[in-house]
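> There's a structure below that I have some questions on.
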Amino acid sequence: MKPHRKAAPAEAAAAGRQEMPRCAPKADSGLSSAQAQALAEAGWDNRPVESPTKSDKQIIRENIFTYFNLIFVVLAVCLLLVGDWKDMTFLLIVAANAVIGIVQQLRSKRTIEKLSLLSAAKVRIIRDGKVRELPVDQLVREDVVELTAGCQIPADGPVLTGQVQVNEALITGEADAVTKEPGDQLLSGSFVISGKCRARMDQVGADSYASKLTLAAKKDGGPGKSEMMRSLDSLIRFIGIVLIPIGAALFYNQFVNQDLGLRQSVVSTVAALIGMIPEGLFLLTSVALAVSVVRLAQNRTLIHEMNAIETLARVDVLCVDKTGTVTSPQMQVREVVPLDPESCSETDITDILGAFYRVLDPDNDTAKAIADKFPRGPGWPDRGAVPFTSATKWSAVNFLDRGAYVVGAPEYILGQDFAALEKRTAPYAAQGCRVLLLAQCDGAEIGRLHGVVIPLALLVLENPIRPNAPKVFDYFHTQGVDVKVISGDNPVTVSAVAAQAGIRNAEQWVDARELQTDQDIAAAVREYTVFGRVVPNQKRKIVRALQSQGHTVAMTGDGVNDVLALKDADCGVAMASGADAACQVAQLVLLDSDFAAMPKVVAEGRRVINNIQRASALYLVKNILSFFLALITLFAAFPYPFVPIQLTLISALTIGVPSFFLALEPNHDLVKGKFLHNVLRRAFPGGLTAIFVILFAELFVYTFDLTLAELSTICVILMAVNGLMVIYYAARPLDAKRLVLLVAMSAAMFVAVVFYGAFFSLSSLSFAAWLVLIVLVLLVVPIQMGLEWCFDRCTTALDRRRERLAKRRRAPRRPRPAHRSRRRR
C-alpha cells in the first residue's frame, strides 16, 4: 500500500478546510466515528461543488436586479424629473412581476429539495468495522466504501479489496468496461458494471475528478439551455440592444423635429420603450415552469434538469427497456428443464445453483430470483468468480476439481452451437419467458470460457406484465409517440412480451447482434420496433440514430446497462428503485418506479410548453406594434399616440391577466416546430392588425384635424379591441372557462374606459372622432381574420413540406422482412 501524505496546507486553504493528517484506515474496519466527525467538521466531506438549486438570495437577486428592471427604473426617474407621477404606474406591475417570480421559484426550490432528500443517492460506508448506509454527501475523506453493480462511484480513490468492472464513459467518453483490482484508482462519476469491492475515497468534494470536471464545465458556460429558453434569450437580447438607440432617436425626433416640448417628448418616448419591453414574458415562463415542477412533484416525479419539461413536450419516440418498464422488476423461476437428466439430475442442478450463488453475489434481478429459488447449496471450494456483465451476458464460478459452472444467455454461452438447442428454448421465448442456460466447462475468465461447454439445464424465468402497461402504451400511440423496446433479452421473448403489453408492431423484431455497423442501426430504427440482445453501447447508438433522423427521444430504464442511453437521450427517465447510476444521469426520476406515471409526466410537459407558446404570443403583439410604430414615428413625423399609463391598462387586461390563465390550462398536443417561429406565427396577425388600424387613425387625425388627446383615446380603444381579438384566437377552441375569461376582460376594459377614462388619460371624443373610431373598430375584425387566414395557409404549406421531407428521411433504404431479422451466417 502506498504511503499516505498529509494534506498540503495550500490545498486545504484553497478549499476552505483545516489541515488534517491522513488516517490510513483498513478495509475491514474503516474510519472510526470520531475520525469521521473530525474530518467533517474540518471541511473534508463530500459536499457537491455547487448546489443543485439556487440559493434564496440568488433567486431574489435574479428577480430584482435585471437589465429590464434597470431600464424601468431609469424610465421612472425620467418621468419623475418632468413631474409625471401618474404614468409611473408601470412600476407596480414590475414589482408584482418580481414578487410573483420570487414566490413561485422559492416554492419550486422547496419542492425540489424535499424530493431530492427522499431520492438522495446513498453509499455503503464502513465505520467502526460496521457497514452503514449514508447519503453520498456525508462521506468524508478516506472513508472506506463498499461498491457493487449499479453503484455510482462517489469520490476518487484506490480499490482495497475485491474486483470490479467499471464504465468510465460518463467522464472519459470511453464505453469499454475497465477492470479494477486492488491498488487501481477509481474515478468519481464512473459506475460499477459488475463485481464487488471495497475502496478508500482519498479525494472527496471539490478535490474529486468529477467535481473538477464540473467546475471546468461551469467556466466553459455549463449545460446548454433548451430551445425555448435560447429563443427567449435571443429575443430579449435583440430588444435590449435596439431599445436604447430607438429611444434616443425617438426623443430627439419629438423634442427637436416635432417640437412637442420636454414633458410630452419624455412621456411619449417612455411609452414607446415600455411597449417594446416584454416585461412579463420571462415571469410567465419561469412561473409556468415552476408550477409544472410542483405538479410533477405531486405525481412523485423528481426533475433534475428544468430543460426536461420542454423536451417532454416534444418527445415523439419513447425507448423502453423490457424488465422494470414493460414488466414488473420482480422475476421468478418458473421451471428448471434438465437437458440430460441421467448425468445431471434435478438434485444435482439444485446443488450446483446453490453452491454457485454462495460464491457469487446476485447483483441483478435475474440472479436474485435464481438465488432465492436455490438458497442453500454445498460450500464447494472455489478458485474465483466471473461476475455478470451486459457485454458477455453470463456469469461463472470456477470450482476446485469441478471446472467452471456458467449461467447466462444460451446464445452467448454456446455461440454457434446454440442452433442445436434453439428448438428447446423457442417455445418458452414465444411465451415471453426469459430462458437461461446452466452449463459446465473447464474454466472461465472475464469474457472467455475454456474447454468444451456442456449444457446442463434450462432455467425458465418470467415476470408479469405491469397491469397498466397496455393502457399506457395505448396513450402513447394515440398521442403520436412511437415506442421502441430495447432489451438485452432474446428478441423473440421481448417481441412476445411487447405484444402482450399492447405495443404496436411488436412482431417487427431484430436481433441486435446482426447490427454490425452504425448504418445497420440507422436502417433498423426506421423499420423495427423490438430490439433484442442489445448491449449497452448499442442502446446508446440506437438512441443517437433516432436523434439523427430528427426524432426527439425519451429513454426509460432502471439498470446499469441503461446508463449510457439515458445520458444521451433527449430526456432520460429513471426508476428510483433502479441503479444509483441510472438515477443520477437521468433528467427525470419516477420516485414510485411506476411506468404508469409517464402519461401524466408527458402531458404535463406538453401542457406547460404549449401554453407558454400560446400566452407568449399575447406579449409579442404589443412588442411588434410598439417596435414598428416607433420606427414609423421616426420617419413619418407622426406623434407617438400612447402614454405609459395607457399601455399599463392594455398590458394588464389583454396580456398579463389572460396570459397567466392560459398558461395554466390543460393542453396536451404534441409540440412541433421551433418555439420562436410558433410564437411569432401567433403574434404577427394581431401585431400587424394593430399597426394598420393605428396608422389609419393617424391619417384620419390629420384629415379631420383631431387633437392628440383624441388620437390617443382612439388608439387605446383600438388596441383594446385588437387585444381581445388576439385573446379569442389564442384561446380557441373556446370552452366555458375561456369564454368567461374573454367576457371578463372585455367587461373590465369597458369599465376602465367608460368610468375611469380620465385616470388613464382618455379624453371625450368629438363627432368626427367617433366616426373614425367606429370605422376603424369595424376594420379590426376583418383585417385580423384575413391575416390569420393567410398565415394559416402559409403555415400549413410549410408543415406539409416539412412532413414530406421527414418521411423521405425516415423511409427504409432497403426492403427487409417485417417479422424477423436476418439470420447469422
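Simple scheme: letters A, B, ... for chains in C-alpha cells order, numbers from 1 for residues in each chain, numbers from 1 for ligands in the order shown.
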Near A:Ala769, counting only C-alpha atoms, which residues have an atom at most 9 Å away, once you skip same-chain residues fewer than 3 positions from it, shown as a PyMOL selection string?
chain A and resi 700-701+704+706+710-711+714+765-766+772-774
> Which residues come within 7 Å of stretch 428-439 of chain A, counting only C-alpha atoms, excluding same-chain residues fewer than 2 positions away, as number ranges by chain?
A: 405-410, 425-426, 441, 453-462, 492-494, 496-497
> With distances taken over only C-alpha atoms, which residue among A:Phe282, A:Phe65, A:Tyr619, A:Tyr528 lies nearest A:Val679?
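So, comparing all the options, the nearest one is A:Tyr619.
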> Write out as a count of residues only the set of residues from stretch 526-754 of chain A that DSSP, computed on the backbone, places in alpha helix (DSSP H).
154
> Near stretch 137-152 of chain A, within 6 Å and counting only C-alpha atoms, which residues show up once chain neighbours fewer than 4 positions away are dropped, as a PyMOL selection string?
chain A and resi 30+44-47+124-126+190-202+204+560+579-581
> Compile the contact shell of A:Tyr357 as a ChimeraX atom specification: residues with an atom at most 12 Å away, counting only C-alpha atoms, same-chain residues fewer than 5 positions apart removed.
/A:350-352,362-363,366-380,382,385-387,395-397,405-407
> What is the distance between atom CA of A:Asn307 and atom CA of A:Asp568, in Å to one decimal?
14.1 Å
> When you look at stretch 640-642 of chain A with a cut-off of 10 Å (counting only C-alpha atoms), what residues show up, excluding the ones that are within fewer than 4 positions of it in the same chain? I need them as a PyMOL selection string.
chain A and resi 250+254+264-265+267-272+275+626+629-630+632-634+646-647+694+697-698+708-716+761
> With only C-alpha atoms as the basis for distance, which of A:Lys393, A:Arg804, A:Lys180, A:Lys57 is at the shortest distance from A:Val534?
A:Lys393
> Using DSSP on the backbone coordinates, identify the residues of stretch 271-416 of chain A assigned to strand (DSSP E or B); present them as a PDB file with all heavy atoms, in the first residue's frame.

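part_3.pdb was written with the following content:
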```pdb
ATOM      1  N   THR A 301     -42.548  12.758  -9.162  1.00  0.00           N
ATOM      2  CA  THR A 301     -41.535  12.797 -10.210  1.00  0.00           C
ATOM      3  C   THR A 301     -40.541  13.889  -9.880  1.00  0.00           C
ATOM      4  O   THR A 301     -40.917  15.046  -9.672  1.00  0.00           O
ATOM      5  CB  THR A 301     -42.175  13.085 -11.581  1.00  0.00           C
ATOM      6  OG1 THR A 301     -43.148  12.083 -11.858  1.00  0.00           O
ATOM      7  CG2 THR A 301     -41.131  13.092 -12.682  1.00  0.00           C
ATOM      8  N   LEU A 302     -39.263  13.531  -9.829  1.00  0.00           N
ATOM      9  CA  LEU A 302     -38.204  14.475  -9.499  1.00  0.00           C
ATOM     10  C   LEU A 302     -37.557  14.982 -10.780  1.00  0.00           C
ATOM     11  O   LEU A 302     -37.148  14.202 -11.635  1.00  0.00           O
ATOM     12  CB  LEU A 302     -37.142  13.799  -8.623  1.00  0.00           C
ATOM     13  CG  LEU A 302     -35.873  14.621  -8.339  1.00  0.00           C
ATOM     14  CD1 LEU A 302     -36.212  15.876  -7.553  1.00  0.00           C
ATOM     15  CD2 LEU A 302     -34.854  13.775  -7.587  1.00  0.00           C
ATOM     16  N   ILE A 303     -37.471  16.307 -10.919  1.00  0.00           N
ATOM     17  CA  ILE A 303     -36.845  16.940 -12.079  1.00  0.00           C
ATOM     18  C   ILE A 303     -35.389  17.257 -11.728  1.00  0.00           C
ATOM     19  O   ILE A 303     -35.132  18.009 -10.795  1.00  0.00           O
ATOM     20  CB  ILE A 303     -37.562  18.255 -12.441  1.00  0.00           C
ATOM     21  CG1 ILE A 303     -39.024  17.993 -12.742  1.00  0.00           C
ATOM     22  CG2 ILE A 303     -36.872  18.934 -13.610  1.00  0.00           C
ATOM     23  CD1 ILE A 303     -39.322  17.564 -14.126  1.00  0.00           C
ATOM     24  N   VAL A 317     -40.572   9.783 -29.878  1.00  0.00           N
ATOM     25  CA  VAL A 317     -40.164   8.377 -29.790  1.00  0.00           C
ATOM     26  C   VAL A 317     -39.821   8.070 -28.337  1.00  0.00           C
ATOM     27  O   VAL A 317     -39.052   8.803 -27.708  1.00  0.00           O
ATOM     28  CB  VAL A 317     -38.946   8.061 -30.684  1.00  0.00           C
ATOM     29  CG1 VAL A 317     -38.501   6.622 -30.468  1.00  0.00           C
ATOM     30  CG2 VAL A 317     -39.283   8.272 -32.152  1.00  0.00           C
ATOM     31  N   LEU A 318     -40.406   7.000 -27.815  1.00  0.00           N
ATOM     32  CA  LEU A 318     -40.129   6.567 -26.442  1.00  0.00           C
ATOM     33  C   LEU A 318     -39.442   5.210 -26.503  1.00  0.00           C
ATOM     34  O   LEU A 318     -40.000   4.240 -27.021  1.00  0.00           O
ATOM     35  CB  LEU A 318     -41.434   6.462 -25.648  1.00  0.00           C
ATOM     36  CG  LEU A 318     -41.325   5.908 -24.228  1.00  0.00           C
ATOM     37  CD1 LEU A 318     -40.510   6.847 -23.342  1.00  0.00           C
ATOM     38  CD2 LEU A 318     -42.702   5.678 -23.624  1.00  0.00           C
ATOM     39  N   CYS A 319     -38.215   5.139 -26.000  1.00  0.00           N
ATOM     40  CA  CYS A 319     -37.468   3.885 -25.932  1.00  0.00           C
ATOM     41  C   CYS A 319     -37.603   3.324 -24.516  1.00  0.00           C
ATOM     42  O   CYS A 319     -37.350   4.041 -23.538  1.00  0.00           O
ATOM     43  CB  CYS A 319     -35.991   4.107 -26.258  1.00  0.00           C
ATOM     44  SG  CYS A 319     -35.701   4.662 -27.953  1.00  0.00           S
ATOM     45  N   VAL A 320     -37.996   2.063 -24.422  1.00  0.00           N
ATOM     46  CA  VAL A 320     -38.205   1.450 -23.109  1.00  0.00           C
ATOM     47  C   VAL A 320     -37.435   0.142 -23.017  1.00  0.00           C
ATOM     48  O   VAL A 320     -37.229  -0.546 -24.017  1.00  0.00           O
ATOM     49  CB  VAL A 320     -39.703   1.188 -22.831  1.00  0.00           C
ATOM     50  CG1 VAL A 320     -40.482   2.490 -22.840  1.00  0.00           C
ATOM     51  CG2 VAL A 320     -40.292   0.228 -23.846  1.00  0.00           C
ATOM     52  N   THR A 323     -37.582  -5.261 -18.888  1.00  0.00           N
ATOM     53  CA  THR A 323     -37.665  -5.548 -17.463  1.00  0.00           C
ATOM     54  C   THR A 323     -37.710  -4.256 -16.660  1.00  0.00           C
ATOM     55  O   THR A 323     -36.875  -3.375 -16.829  1.00  0.00           O
ATOM     56  CB  THR A 323     -36.464  -6.393 -17.012  1.00  0.00           C
ATOM     57  OG1 THR A 323     -36.380  -7.541 -17.838  1.00  0.00           O
ATOM     58  CG2 THR A 323     -36.626  -6.814 -15.562  1.00  0.00           C
ATOM     59  N   THR A 327     -42.496  -4.855 -17.990  1.00  0.00           N
ATOM     60  CA  THR A 327     -42.845  -5.872 -16.994  1.00  0.00           C
ATOM     61  C   THR A 327     -42.469  -5.387 -15.602  1.00  0.00           C
ATOM     62  O   THR A 327     -41.715  -4.428 -15.447  1.00  0.00           O
ATOM     63  CB  THR A 327     -42.098  -7.184 -17.287  1.00  0.00           C
ATOM     64  OG1 THR A 327     -40.682  -6.944 -17.182  1.00  0.00           O
ATOM     65  CG2 THR A 327     -42.419  -7.696 -18.679  1.00  0.00           C
ATOM     66  N   GLN A 332     -39.249 -14.419 -11.235  1.00  0.00           N
ATOM     67  CA  GLN A 332     -39.350 -15.670 -10.502  1.00  0.00           C
ATOM     68  C   GLN A 332     -39.039 -16.830 -11.440  1.00  0.00           C
ATOM     69  O   GLN A 332     -39.291 -16.762 -12.638  1.00  0.00           O
ATOM     70  CB  GLN A 332     -40.739 -15.833  -9.895  1.00  0.00           C
ATOM     71  CG  GLN A 332     -41.877 -15.800 -10.909  1.00  0.00           C
ATOM     72  CD  GLN A 332     -43.244 -15.805 -10.252  1.00  0.00           C
ATOM     73  OE1 GLN A 332     -43.361 -15.552  -9.062  1.00  0.00           O
ATOM     74  NE2 GLN A 332     -44.279 -16.109 -11.022  1.00  0.00           N
ATOM     75  N   VAL A 333     -38.454 -17.866 -10.856  1.00  0.00           N
ATOM     76  CA  VAL A 333     -38.124 -19.053 -11.639  1.00  0.00           C
ATOM     77  C   VAL A 333     -39.397 -19.862 -11.846  1.00  0.00           C
ATOM     78  O   VAL A 333     -40.024 -20.318 -10.889  1.00  0.00           O
ATOM     79  CB  VAL A 333     -37.060 -19.908 -10.924  1.00  0.00           C
ATOM     80  CG1 VAL A 333     -36.764 -21.171 -11.734  1.00  0.00           C
ATOM     81  CG2 VAL A 333     -35.787 -19.106 -10.707  1.00  0.00           C
ATOM     82  N   ARG A 334     -39.769 -20.021 -13.095  1.00  0.00           N
ATOM     83  CA  ARG A 334     -40.989 -20.761 -13.418  1.00  0.00           C
ATOM     84  C   ARG A 334     -40.719 -22.251 -13.550  1.00  0.00           C
ATOM     85  O   ARG A 334     -41.533 -23.081 -13.132  1.00  0.00           O
ATOM     86  CB  ARG A 334     -41.571 -20.211 -14.724  1.00  0.00           C
ATOM     87  CG  ARG A 334     -42.699 -21.039 -15.310  1.00  0.00           C
ATOM     88  CD  ARG A 334     -43.252 -20.385 -16.558  1.00  0.00           C
ATOM     89  NE  ARG A 334     -43.649 -21.372 -17.556  1.00  0.00           N
ATOM     90  CZ  ARG A 334     -44.183 -21.101 -18.727  1.00  0.00           C
ATOM     91  NH1 ARG A 334     -44.353 -19.836 -19.073  1.00  0.00           N
ATOM     92  NH2 ARG A 334     -44.521 -22.041 -19.570  1.00  0.00           N
ATOM     93  N   GLU A 335     -39.558 -22.602 -14.110  1.00  0.00           N
ATOM     94  CA  GLU A 335     -39.310 -24.013 -14.430  1.00  0.00           C
ATOM     95  C   GLU A 335     -37.809 -24.242 -14.611  1.00  0.00           C
ATOM     96  O   GLU A 335     -37.089 -23.357 -15.083  1.00  0.00           O
ATOM     97  CB  GLU A 335     -40.052 -24.363 -15.723  1.00  0.00           C
ATOM     98  CG  GLU A 335     -40.085 -25.832 -16.076  1.00  0.00           C
ATOM     99  CD  GLU A 335     -40.918 -26.091 -17.322  1.00  0.00           C
ATOM    100  OE1 GLU A 335     -41.630 -25.158 -17.783  1.00  0.00           O
ATOM    101  OE2 GLU A 335     -40.845 -27.220 -17.837  1.00  0.00           O
ATOM    102  N   VAL A 336     -37.347 -25.410 -14.211  1.00  0.00           N
ATOM    103  CA  VAL A 336     -35.971 -25.853 -14.484  1.00  0.00           C
ATOM    104  C   VAL A 336     -36.068 -27.096 -15.364  1.00  0.00           C
ATOM    105  O   VAL A 336     -36.725 -28.075 -15.002  1.00  0.00           O
ATOM    106  CB  VAL A 336     -35.207 -26.167 -13.183  1.00  0.00           C
ATOM    107  CG1 VAL A 336     -33.820 -26.721 -13.505  1.00  0.00           C
ATOM    108  CG2 VAL A 336     -35.097 -24.925 -12.313  1.00  0.00           C
ATOM    109  N   VAL A 337     -35.427 -27.070 -16.520  1.00  0.00           N
ATOM    110  CA  VAL A 337     -35.526 -28.150 -17.505  1.00  0.00           C
ATOM    111  C   VAL A 337     -34.155 -28.816 -17.648  1.00  0.00           C
ATOM    112  O   VAL A 337     -33.268 -28.275 -18.321  1.00  0.00           O
ATOM    113  CB  VAL A 337     -36.002 -27.623 -18.875  1.00  0.00           C
ATOM    114  CG1 VAL A 337     -36.174 -28.778 -19.856  1.00  0.00           C
ATOM    115  CG2 VAL A 337     -37.282 -26.821 -18.730  1.00  0.00           C
ATOM    116  N   PRO A 338     -33.941 -30.004 -16.999  1.00  0.00           N
ATOM    117  CA  PRO A 338     -32.664 -30.712 -17.192  1.00  0.00           C
ATOM    118  C   PRO A 338     -32.518 -31.147 -18.646  1.00  0.00           C
ATOM    119  O   PRO A 338     -33.453 -31.656 -19.257  1.00  0.00           O
ATOM    120  CB  PRO A 338     -32.793 -31.918 -16.261  1.00  0.00           C
ATOM    121  CG  PRO A 338     -33.870 -31.568 -15.290  1.00  0.00           C
ATOM    122  CD  PRO A 338     -34.825 -30.700 -16.048  1.00  0.00           C
ATOM    123  N   ASP A 382     -13.682 -22.896  -4.126  1.00  0.00           N
ATOM    124  CA  ASP A 382     -13.679 -22.278  -5.460  1.00  0.00           C
ATOM    125  C   ASP A 382     -12.364 -21.566  -5.722  1.00  0.00           C
ATOM    126  O   ASP A 382     -11.581 -21.298  -4.811  1.00  0.00           O
ATOM    127  CB  ASP A 382     -14.839 -21.278  -5.572  1.00  0.00           C
ATOM    128  CG  ASP A 382     -14.656 -20.065  -4.685  1.00  0.00           C
ATOM    129  OD1 ASP A 382     -15.028 -20.148  -3.485  1.00  0.00           O
ATOM    130  OD2 ASP A 382     -14.136 -19.047  -5.172  1.00  0.00           O
ATOM    131  N   ARG A 383     -12.173 -21.233  -6.992  1.00  0.00           N
ATOM    132  CA  ARG A 383     -10.978 -20.526  -7.444  1.00  0.00           C
ATOM    133  C   ARG A 383     -11.329 -19.147  -7.999  1.00  0.00           C
ATOM    134  O   ARG A 383     -10.598 -18.583  -8.796  1.00  0.00           O
ATOM    135  CB  ARG A 383     -10.259 -21.334  -8.522  1.00  0.00           C
ATOM    136  CG  ARG A 383      -9.668 -22.651  -8.010  1.00  0.00           C
ATOM    137  CD  ARG A 383      -8.918 -23.408  -9.092  1.00  0.00           C
ATOM    138  NE  ARG A 383      -9.820 -23.954 -10.107  1.00  0.00           N
ATOM    139  CZ  ARG A 383      -9.901 -23.527 -11.349  1.00  0.00           C
ATOM    140  NH1 ARG A 383      -9.166 -22.508 -11.749  1.00  0.00           N
ATOM    141  NH2 ARG A 383     -10.741 -24.082 -12.210  1.00  0.00           N
ATOM    142  N   GLY A 384     -12.448 -18.598  -7.569  1.00  0.00           N
ATOM    143  CA  GLY A 384     -12.827 -17.260  -8.007  1.00  0.00           C
ATOM    144  C   GLY A 384     -14.017 -17.278  -8.953  1.00  0.00           C
ATOM    145  O   GLY A 384     -14.354 -18.295  -9.540  1.00  0.00           O
ATOM    146  N   ALA A 385     -14.660 -16.122  -9.065  1.00  0.00           N
ATOM    147  CA  ALA A 385     -15.868 -15.997  -9.873  1.00  0.00           C
ATOM    148  C   ALA A 385     -15.688 -14.934 -10.948  1.00  0.00           C
ATOM    149  O   ALA A 385     -14.837 -14.047 -10.833  1.00  0.00           O
ATOM    150  CB  ALA A 385     -17.059 -15.644  -8.983  1.00  0.00           C
ATOM    151  N   VAL A 386     -16.485 -15.057 -11.991  1.00  0.00           N
ATOM    152  CA  VAL A 386     -16.531 -14.059 -13.060  1.00  0.00           C
ATOM    153  C   VAL A 386     -17.927 -13.440 -13.026  1.00  0.00           C
ATOM    154  O   VAL A 386     -18.914 -14.119 -13.334  1.00  0.00           O
ATOM    155  CB  VAL A 386     -16.270 -14.688 -14.445  1.00  0.00           C
ATOM    156  CG1 VAL A 386     -16.337 -13.605 -15.528  1.00  0.00           C
ATOM    157  CG2 VAL A 386     -14.935 -15.406 -14.469  1.00  0.00           C
ATOM    158  N   TRP A 394     -23.259 -13.471 -19.277  1.00  0.00           N
ATOM    159  CA  TRP A 394     -23.169 -14.667 -18.449  1.00  0.00           C
ATOM    160  C   TRP A 394     -22.274 -14.379 -17.252  1.00  0.00           C
ATOM    161  O   TRP A 394     -21.517 -13.402 -17.235  1.00  0.00           O
ATOM    162  CB  TRP A 394     -22.652 -15.884 -19.222  1.00  0.00           C
ATOM    163  CG  TRP A 394     -21.358 -15.704 -20.000  1.00  0.00           C
ATOM    164  CD1 TRP A 394     -21.227 -15.499 -21.322  1.00  0.00           C
ATOM    165  CD2 TRP A 394     -20.012 -15.739 -19.463  1.00  0.00           C
ATOM    166  NE1 TRP A 394     -19.911 -15.390 -21.689  1.00  0.00           N
ATOM    167  CE2 TRP A 394     -19.132 -15.551 -20.568  1.00  0.00           C
ATOM    168  CE3 TRP A 394     -19.462 -15.914 -18.200  1.00  0.00           C
ATOM    169  CZ2 TRP A 394     -17.744 -15.515 -20.417  1.00  0.00           C
ATOM    170  CZ3 TRP A 394     -18.081 -15.881 -18.046  1.00  0.00           C
ATOM    171  CH2 TRP A 394     -17.235 -15.694 -19.147  1.00  0.00           C
ATOM    172  N   SER A 395     -22.402 -15.212 -16.229  1.00  0.00           N
ATOM    173  CA  SER A 395     -21.513 -15.184 -15.063  1.00  0.00           C
ATOM    174  C   SER A 395     -21.044 -16.599 -14.804  1.00  0.00           C
ATOM    175  O   SER A 395     -21.668 -17.572 -15.261  1.00  0.00           O
ATOM    176  CB  SER A 395     -22.243 -14.615 -13.840  1.00  0.00           C
ATOM    177  OG  SER A 395     -23.416 -15.365 -13.575  1.00  0.00           O
ATOM    178  N   ALA A 396     -19.943 -16.749 -14.092  1.00  0.00           N
ATOM    179  CA  ALA A 396     -19.361 -18.085 -13.897  1.00  0.00           C
ATOM    180  C   ALA A 396     -18.648 -18.156 -12.562  1.00  0.00           C
ATOM    181  O   ALA A 396     -18.231 -17.133 -12.000  1.00  0.00           O
ATOM    182  CB  ALA A 396     -18.391 -18.414 -15.034  1.00  0.00           C
ATOM    183  N   VAL A 397     -18.520 -19.387 -12.048  1.00  0.00           N
ATOM    184  CA  VAL A 397     -17.745 -19.657 -10.836  1.00  0.00           C
ATOM    185  C   VAL A 397     -16.802 -20.825 -11.138  1.00  0.00           C
ATOM    186  O   VAL A 397     -17.234 -21.861 -11.659  1.00  0.00           O
ATOM    187  CB  VAL A 397     -18.641 -20.003  -9.639  1.00  0.00           C
ATOM    188  CG1 VAL A 397     -17.779 -20.372  -8.422  1.00  0.00           C
ATOM    189  CG2 VAL A 397     -19.560 -18.833  -9.285  1.00  0.00           C
ATOM    190  N   ASN A 398     -15.525 -20.646 -10.849  1.00  0.00           N
ATOM    191  CA  ASN A 398     -14.525 -21.708 -11.018  1.00  0.00           C
ATOM    192  C   ASN A 398     -14.407 -22.471  -9.695  1.00  0.00           C
ATOM    193  O   ASN A 398     -13.992 -21.909  -8.679  1.00  0.00           O
ATOM    194  CB  ASN A 398     -13.169 -21.099 -11.387  1.00  0.00           C
ATOM    195  CG  ASN A 398     -13.168 -20.466 -12.769  1.00  0.00           C
ATOM    196  OD1 ASN A 398     -13.256 -21.162 -13.767  1.00  0.00           O
ATOM    197  ND2 ASN A 398     -13.079 -19.136 -12.812  1.00  0.00           N
ATOM    198  N   PHE A 399     -14.790 -23.753  -9.708  1.00  0.00           N
ATOM    199  CA  PHE A 399     -14.705 -24.596  -8.519  1.00  0.00           C
ATOM    200  C   PHE A 399     -13.489 -25.518  -8.625  1.00  0.00           C
ATOM    201  O   PHE A 399     -13.104 -25.950  -9.723  1.00  0.00           O
ATOM    202  CB  PHE A 399     -15.966 -25.450  -8.366  1.00  0.00           C
ATOM    203  CG  PHE A 399     -17.188 -24.654  -7.995  1.00  0.00           C
ATOM    204  CD1 PHE A 399     -18.157 -24.356  -8.938  1.00  0.00           C
ATOM    205  CD2 PHE A 399     -17.368 -24.207  -6.697  1.00  0.00           C
ATOM    206  CE1 PHE A 399     -19.287 -23.634  -8.611  1.00  0.00           C
ATOM    207  CE2 PHE A 399     -18.488 -23.476  -6.350  1.00  0.00           C
ATOM    208  CZ  PHE A 399     -19.456 -23.186  -7.310  1.00  0.00           C
ATOM    209  N   GLY A 403     -14.240 -27.890 -12.371  1.00  0.00           N
ATOM    210  CA  GLY A 403     -14.307 -26.999 -13.510  1.00  0.00           C
ATOM    211  C   GLY A 403     -15.115 -25.759 -13.184  1.00  0.00           C
ATOM    212  O   GLY A 403     -15.244 -25.364 -12.027  1.00  0.00           O
ATOM    213  N   ALA A 404     -15.699 -25.157 -14.218  1.00  0.00           N
ATOM    214  CA  ALA A 404     -16.471 -23.925 -14.039  1.00  0.00           C
ATOM    215  C   ALA A 404     -17.926 -24.173 -14.412  1.00  0.00           C
ATOM    216  O   ALA A 404     -18.229 -24.902 -15.356  1.00  0.00           O
ATOM    217  CB  ALA A 404     -15.898 -22.805 -14.894  1.00  0.00           C
ATOM    218  N   TYR A 405     -18.823 -23.576 -13.646  1.00  0.00           N
ATOM    219  CA  TYR A 405     -20.236 -23.575 -13.995  1.00  0.00           C
ATOM    220  C   TYR A 405     -20.604 -22.173 -14.461  1.00  0.00           C
ATOM    221  O   TYR A 405     -20.158 -21.158 -13.887  1.00  0.00           O
ATOM    222  CB  TYR A 405     -21.093 -23.985 -12.802  1.00  0.00           C
ATOM    223  CG  TYR A 405     -20.955 -25.452 -12.464  1.00  0.00           C
ATOM    224  CD1 TYR A 405     -20.206 -25.863 -11.368  1.00  0.00           C
ATOM    225  CD2 TYR A 405     -21.568 -26.419 -13.248  1.00  0.00           C
ATOM    226  CE1 TYR A 405     -20.066 -27.211 -11.056  1.00  0.00           C
ATOM    227  CE2 TYR A 405     -21.443 -27.766 -12.951  1.00  0.00           C
ATOM    228  CZ  TYR A 405     -20.679 -28.156 -11.863  1.00  0.00           C
ATOM    229  OH  TYR A 405     -20.549 -29.495 -11.580  1.00  0.00           O
ATOM    230  N   VAL A 406     -21.431 -22.120 -15.500  1.00  0.00           N
ATOM    231  CA  VAL A 406     -21.782 -20.854 -16.154  1.00  0.00           C
ATOM    232  C   VAL A 406     -23.302 -20.730 -16.198  1.00  0.00           C
ATOM    233  O   VAL A 406     -23.999 -21.710 -16.489  1.00  0.00           O
ATOM    234  CB  VAL A 406     -21.230 -20.804 -17.597  1.00  0.00           C
ATOM    235  CG1 VAL A 406     -21.405 -19.398 -18.174  1.00  0.00           C
ATOM    236  CG2 VAL A 406     -19.778 -21.216 -17.641  1.00  0.00           C
ATOM    237  N   VAL A 407     -23.797 -19.520 -15.914  1.00  0.00           N
ATOM    238  CA  VAL A 407     -25.226 -19.215 -16.031  1.00  0.00           C
ATOM    239  C   VAL A 407     -25.371 -17.950 -16.873  1.00  0.00           C
ATOM    240  O   VAL A 407     -24.732 -16.936 -16.592  1.00  0.00           O
ATOM    241  CB  VAL A 407     -25.882 -18.994 -14.650  1.00  0.00           C
ATOM    242  CG1 VAL A 407     -27.334 -18.561 -14.822  1.00  0.00           C
ATOM    243  CG2 VAL A 407     -25.801 -20.252 -13.806  1.00  0.00           C
ATOM    244  N   GLY A 408     -26.207 -18.041 -17.927  1.00  0.00           N
ATOM    245  CA  GLY A 408     -26.394 -16.856 -18.756  1.00  0.00           C
ATOM    246  C   GLY A 408     -27.213 -17.141 -19.999  1.00  0.00           C
ATOM    247  O   GLY A 408     -27.878 -18.186 -20.107  1.00  0.00           O
TER     248      GLY A 408
END
```
> Taking 2 positions as the minimum chain separation for residues in the same chain, which residues sit within 10 Å of A:Gln584 when counting only C-alpha atoms? Answer as a list of chain:residue names.
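The contact residues come out as A:Ser119, A:Ala120, A:Ala121, A:Gln152, A:Gly189, A:His304, A:Val563, A:Leu566, A:Lys567, A:Ala574, A:Ala576, A:Ala579, A:Asp580, A:Ala581, A:Ala582, A:Ala586, A:Gln587, A:Leu588, A:Val589.
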